[in-house]
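Quick notes on the structure that follows.
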Amino acid sequence: MRARCAKAEACLPHWFNHVTTVNDADSDTVYRLSGRSTNISTIPNGVSTDLAETFDANGRVAKRRGVAFWGNLSFKPNSDAVRFFYENVYRPYLAPAGIEWCVVGRDAERWLLEEAKRDHGIRLTGFVDNISSVLAEYPIMVNPMRIGSGLKNKVLEAFAMGLAVVSTGLGIEALSMAREGIDYIRADEPEKIAFAIKLLIEDECLRLSMIKSARKVVLEHYTWNKVARDLDALLCSL
């Protein structure tokens, strides 16, 4: 299957006038597979400006001492991230510190459902129509992705909604305009992920600074209006 996908991706620049991907890493992969075709561009996903305008970073007060993760939990990269985080970060580091973990999304695996029944520090919401109403209660979004590609829209959503972000490198590599240590904290090892979460919970000044900076990045580079203008310019050039 992987070989067939690679073969198809190699042909894309030859079948179409232009090929776009949502991050530079994917563009580089298609470029390499296609024999260095030049009709490849990166145009990222975006978020609605309405999402960002809903939240005031200055007045944001998270009610819960915890972190949130969201997504379709039947999607392999998400289910892998949830299992990794539970076993390596939440159980050994966060649970003993009394830090709550909220997981939003449909199709949670049976093991997670059972753990949530046993451990009141795990909050499973299932699918919710208005995710912002749940996320407004949390100060931090954790993105412990270890597999997959593309652009993780959950990070853009977190930036827009005023959650500080702790992410693995893979989980944020697509956001080339976001700056490590300024707009988010990168952490790949379990103990470093836990340390970053605890730091952001305790250091409100750092958290608010990161939230404001990240939101500015979203509004300047990753709104659907900005993405649409870039795509329109590309289409007009063909």
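So you can find residues: chains in the structure tokens are A, B, ... in the order shown, residues in each start at 1, and ligands are numbered from 1 in order.
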Within 8 Å of region 217-221 of chain A, which residues of region 102-190 of chain A come that close, and what is the closest atom pair and distance in Å for each? Count only C-alpha atoms and give it as JSON lines.
```
{"residue": "A:Leu156", "atom": "CA", "partner": "A:Val218", "partner_atom": "CA", "distance": 6.7}
{"residue": "A:Phe159", "atom": "CA", "partner": "A:Val218", "partner_atom": "CA", "distance": 6.6}
{"residue": "A:Ala160", "atom": "CA", "partner": "A:Val218", "partner_atom": "CA", "distance": 6.4}
{"residue": "A:Met177", "atom": "CA", "partner": "A:Val217", "partner_atom": "CA", "distance": 7.0}
{"residue": "A:Ala178", "atom": "CA", "partner": "A:Val217", "partner_atom": "CA", "distance": 6.6}
{"residue": "A:Asp183", "atom": "CA", "partner": "A:Val217", "partner_atom": "CA", "distance": 8.0}
```
Selection to disk with N, CA and C atoms, as a PDB file, in the first residue's frame:
```
ATOM      1  N   LEU A 156      -3.852  25.025  15.369  1.00  0.00           N
ATOM      2  CA  LEU A 156      -4.349  26.336  14.953  1.00  0.00           C
ATOM      3  C   LEU A 156      -5.568  26.734  15.775  1.00  0.00           C
ATOM      4  N   PHE A 159      -4.368  27.855  19.170  1.00  0.00           N
ATOM      5  CA  PHE A 159      -3.817  29.206  19.062  1.00  0.00           C
ATOM      6  C   PHE A 159      -4.945  30.242  19.024  1.00  0.00           C
ATOM      7  N   ALA A 160      -5.948  29.971  18.188  1.00  0.00           N
ATOM      8  CA  ALA A 160      -7.032  30.931  17.996  1.00  0.00           C
ATOM      9  C   ALA A 160      -7.883  31.092  19.249  1.00  0.00           C
ATOM     10  N   MET A 177       5.413  29.293  10.498  1.00  0.00           N
ATOM     11  CA  MET A 177       5.443  30.654  11.027  1.00  0.00           C
ATOM     12  C   MET A 177       5.388  30.690  12.553  1.00  0.00           C
ATOM     13  N   ALA A 178       5.089  29.565  13.178  1.00  0.00           N
ATOM     14  CA  ALA A 178       5.047  29.515  14.644  1.00  0.00           C
ATOM     15  C   ALA A 178       6.449  29.313  15.194  1.00  0.00           C
ATOM     16  N   ASP A 183       5.690  30.994  20.680  1.00  0.00           N
ATOM     17  CA  ASP A 183       4.285  30.719  20.390  1.00  0.00           C
ATOM     18  C   ASP A 183       3.827  29.375  20.947  1.00  0.00           C
TER      19      ASP A 183
END
```
Pick out each residue of region 63-207 of chain A that DSSP on the backbone tags as strand (DSSP E or B); I need them as a PyMOL selection string.
-> chain A and resi 66-70+100-104+122-126+140-143+164-167+180+184-186
Grab the residues selected above and save them as a PDB file, in the first residue's frame with N, CA and C atoms.
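The result, written out as out.pdb:
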```pdb
ATOM      1  N   GLY A  66      -5.783  21.810  34.177  1.00  0.00           N
ATOM      2  CA  GLY A  66      -5.621  20.638  33.339  1.00  0.00           C
ATOM      3  C   GLY A  66      -5.254  20.968  31.916  1.00  0.00           C
ATOM      4  N   VAL A  67      -5.209  19.917  31.107  1.00  0.00           N
ATOM      5  CA  VAL A  67      -4.853  20.031  29.696  1.00  0.00           C
ATOM      6  C   VAL A  67      -5.939  19.367  28.861  1.00  0.00           C
ATOM      7  N   ALA A  68      -6.035  19.784  27.610  1.00  0.00           N
ATOM      8  CA  ALA A  68      -7.050  19.238  26.715  1.00  0.00           C
ATOM      9  C   ALA A  68      -6.417  18.715  25.433  1.00  0.00           C
ATOM     10  N   PHE A  69      -7.056  17.685  24.887  1.00  0.00           N
ATOM     11  CA  PHE A  69      -6.698  17.144  23.573  1.00  0.00           C
ATOM     12  C   PHE A  69      -8.007  16.874  22.862  1.00  0.00           C
ATOM     13  N   TRP A  70      -8.044  17.090  21.548  1.00  0.00           N
ATOM     14  CA  TRP A  70      -9.278  16.816  20.819  1.00  0.00           C
ATOM     15  C   TRP A  70      -8.989  16.298  19.424  1.00  0.00           C
ATOM     16  N   GLU A 100      -5.699  17.575  35.581  1.00  0.00           N
ATOM     17  CA  GLU A 100      -6.759  16.892  34.844  1.00  0.00           C
ATOM     18  C   GLU A 100      -6.413  16.771  33.362  1.00  0.00           C
ATOM     19  N   TRP A 101      -6.943  15.736  32.735  1.00  0.00           N
ATOM     20  CA  TRP A 101      -6.755  15.520  31.299  1.00  0.00           C
ATOM     21  C   TRP A 101      -8.121  15.377  30.651  1.00  0.00           C
ATOM     22  N   CYS A 102      -8.450  16.295  29.760  1.00  0.00           N
ATOM     23  CA  CYS A 102      -9.724  16.274  29.044  1.00  0.00           C
ATOM     24  C   CYS A 102      -9.499  15.819  27.606  1.00  0.00           C
ATOM     25  N   VAL A 103     -10.283  14.837  27.173  1.00  0.00           N
ATOM     26  CA  VAL A 103     -10.193  14.328  25.803  1.00  0.00           C
ATOM     27  C   VAL A 103     -11.548  14.536  25.141  1.00  0.00           C
ATOM     28  N   VAL A 104     -11.552  15.298  24.063  1.00  0.00           N
ATOM     29  CA  VAL A 104     -12.782  15.619  23.345  1.00  0.00           C
ATOM     30  C   VAL A 104     -12.757  14.927  21.988  1.00  0.00           C
ATOM     31  N   ILE A 122      -9.548  11.981  34.504  1.00  0.00           N
ATOM     32  CA  ILE A 122      -9.705  11.899  33.049  1.00  0.00           C
ATOM     33  C   ILE A 122     -11.141  12.271  32.705  1.00  0.00           C
ATOM     34  N   ARG A 123     -11.304  13.256  31.875  1.00  0.00           N
ATOM     35  CA  ARG A 123     -12.631  13.712  31.465  1.00  0.00           C
ATOM     36  C   ARG A 123     -12.826  13.426  29.982  1.00  0.00           C
ATOM     37  N   LEU A 124     -13.764  12.561  29.654  1.00  0.00           N
ATOM     38  CA  LEU A 124     -14.111  12.269  28.264  1.00  0.00           C
ATOM     39  C   LEU A 124     -15.443  12.932  27.955  1.00  0.00           C
ATOM     40  N   THR A 125     -15.475  13.747  26.935  1.00  0.00           N
ATOM     41  CA  THR A 125     -16.721  14.438  26.589  1.00  0.00           C
ATOM     42  C   THR A 125     -17.446  13.772  25.433  1.00  0.00           C
ATOM     43  N   GLY A 126     -16.760  12.915  24.670  1.00  0.00           N
ATOM     44  CA  GLY A 126     -17.336  12.446  23.429  1.00  0.00           C
ATOM     45  C   GLY A 126     -17.393  13.585  22.431  1.00  0.00           C
ATOM     46  N   ILE A 140      -4.415  24.848  28.716  1.00  0.00           N
ATOM     47  CA  ILE A 140      -3.349  24.267  27.890  1.00  0.00           C
ATOM     48  C   ILE A 140      -3.904  23.200  26.961  1.00  0.00           C
ATOM     49  N   MET A 141      -3.403  23.169  25.755  1.00  0.00           N
ATOM     50  CA  MET A 141      -3.663  22.094  24.804  1.00  0.00           C
ATOM     51  C   MET A 141      -2.382  21.289  24.634  1.00  0.00           C
ATOM     52  N   VAL A 142      -2.484  19.973  24.725  1.00  0.00           N
ATOM     53  CA  VAL A 142      -1.328  19.115  24.498  1.00  0.00           C
ATOM     54  C   VAL A 142      -1.530  18.369  23.187  1.00  0.00           C
ATOM     55  N   ASN A 143      -0.469  18.289  22.397  1.00  0.00           N
ATOM     56  CA  ASN A 143      -0.540  17.674  21.070  1.00  0.00           C
ATOM     57  C   ASN A 143       0.602  16.659  20.928  1.00  0.00           C
ATOM     58  N   ALA A 164      -2.588  27.738  25.576  1.00  0.00           N
ATOM     59  CA  ALA A 164      -1.154  27.557  25.367  1.00  0.00           C
ATOM     60  C   ALA A 164      -0.921  26.140  24.853  1.00  0.00           C
ATOM     61  N   VAL A 165       0.058  25.966  23.976  1.00  0.00           N
ATOM     62  CA  VAL A 165       0.264  24.687  23.301  1.00  0.00           C
ATOM     63  C   VAL A 165       1.591  24.055  23.692  1.00  0.00           C
ATOM     64  N   VAL A 166       1.508  22.777  24.061  1.00  0.00           N
ATOM     65  CA  VAL A 166       2.683  21.926  24.224  1.00  0.00           C
ATOM     66  C   VAL A 166       2.567  20.833  23.176  1.00  0.00           C
ATOM     67  N   SER A 167       3.550  20.719  22.301  1.00  0.00           N
ATOM     68  CA  SER A 167       3.454  19.785  21.184  1.00  0.00           C
ATOM     69  C   SER A 167       4.774  19.085  20.924  1.00  0.00           C
ATOM     70  N   GLU A 180       9.124  28.312  18.128  1.00  0.00           N
ATOM     71  CA  GLU A 180       9.319  27.497  19.326  1.00  0.00           C
ATOM     72  C   GLU A 180       9.779  28.365  20.495  1.00  0.00           C
ATOM     73  N   TYR A 184       4.751  28.506  21.244  1.00  0.00           N
ATOM     74  CA  TYR A 184       4.429  27.176  21.773  1.00  0.00           C
ATOM     75  C   TYR A 184       5.675  26.596  22.427  1.00  0.00           C
ATOM     76  N   ILE A 185       5.499  25.521  23.167  1.00  0.00           N
ATOM     77  CA  ILE A 185       6.625  24.778  23.720  1.00  0.00           C
ATOM     78  C   ILE A 185       6.693  23.427  23.025  1.00  0.00           C
ATOM     79  N   ARG A 186       7.858  23.122  22.494  1.00  0.00           N
ATOM     80  CA  ARG A 186       8.062  21.809  21.889  1.00  0.00           C
ATOM     81  C   ARG A 186       8.660  20.869  22.933  1.00  0.00           C
TER      82      ARG A 186
END
```
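For the choices A:Met145, A:Leu231, A:Ala196, A:Val134, the atom-to-atom distance to Phe75 (chain A) is smallest for A:Met145 when using only C-alpha atoms.
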Which of these residues is nearest to Phe127 (chain A), using only C-alpha atoms: A:Pro139, A:Glu114, A:Arg106, A:His18?
->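 Of all the options, A:Arg106 lies closest to Phe127 (chain A).
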Which residue gives the smallest distance to Ser74 (chain A) among A:Ala97, A:Ala194, A:Ala6, A:Ala108, with only C-alpha atoms counted?
->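 Among the listed residues, A:Ala108 lies closest to Ser74 (chain A).
For Thr223 (chain A), the list of residues within 8 Å, based on only C-alpha atoms and with local chain neighbours fewer than 4 positions off taken out, reads Gly46, Val47, Ser48, Thr49, Val218, Leu219 and Val227 of chain A.
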Go ahead and write the selection's residues with C-alpha atoms as a CSV table (one decimal), in the first residue's frame.
```
chain,number,residue,atom,x,y,z
A,46,GLY,CA,-6.5,27.8,8.3
A,47,VAL,CA,-9.1,28.7,10.9
A,48,SER,CA,-12.1,31.1,10.9
A,49,THR,CA,-11.5,34.5,12.3
A,218,VAL,CA,-2.8,32.7,13.5
A,219,LEU,CA,-4.5,36.0,12.6
A,227,VAL,CA,-5.2,31.1,2.8
```
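You will find CA of Tyr138 (chain A) at 14.8 Å from CA of Met210 (chain A).
Candidate residues A:Glu157, A:Asp24, A:Glu189, A:Glu53 were compared for distance to Leu135 (chain A), and the nearest is A:Glu157, using only C-alpha atoms.
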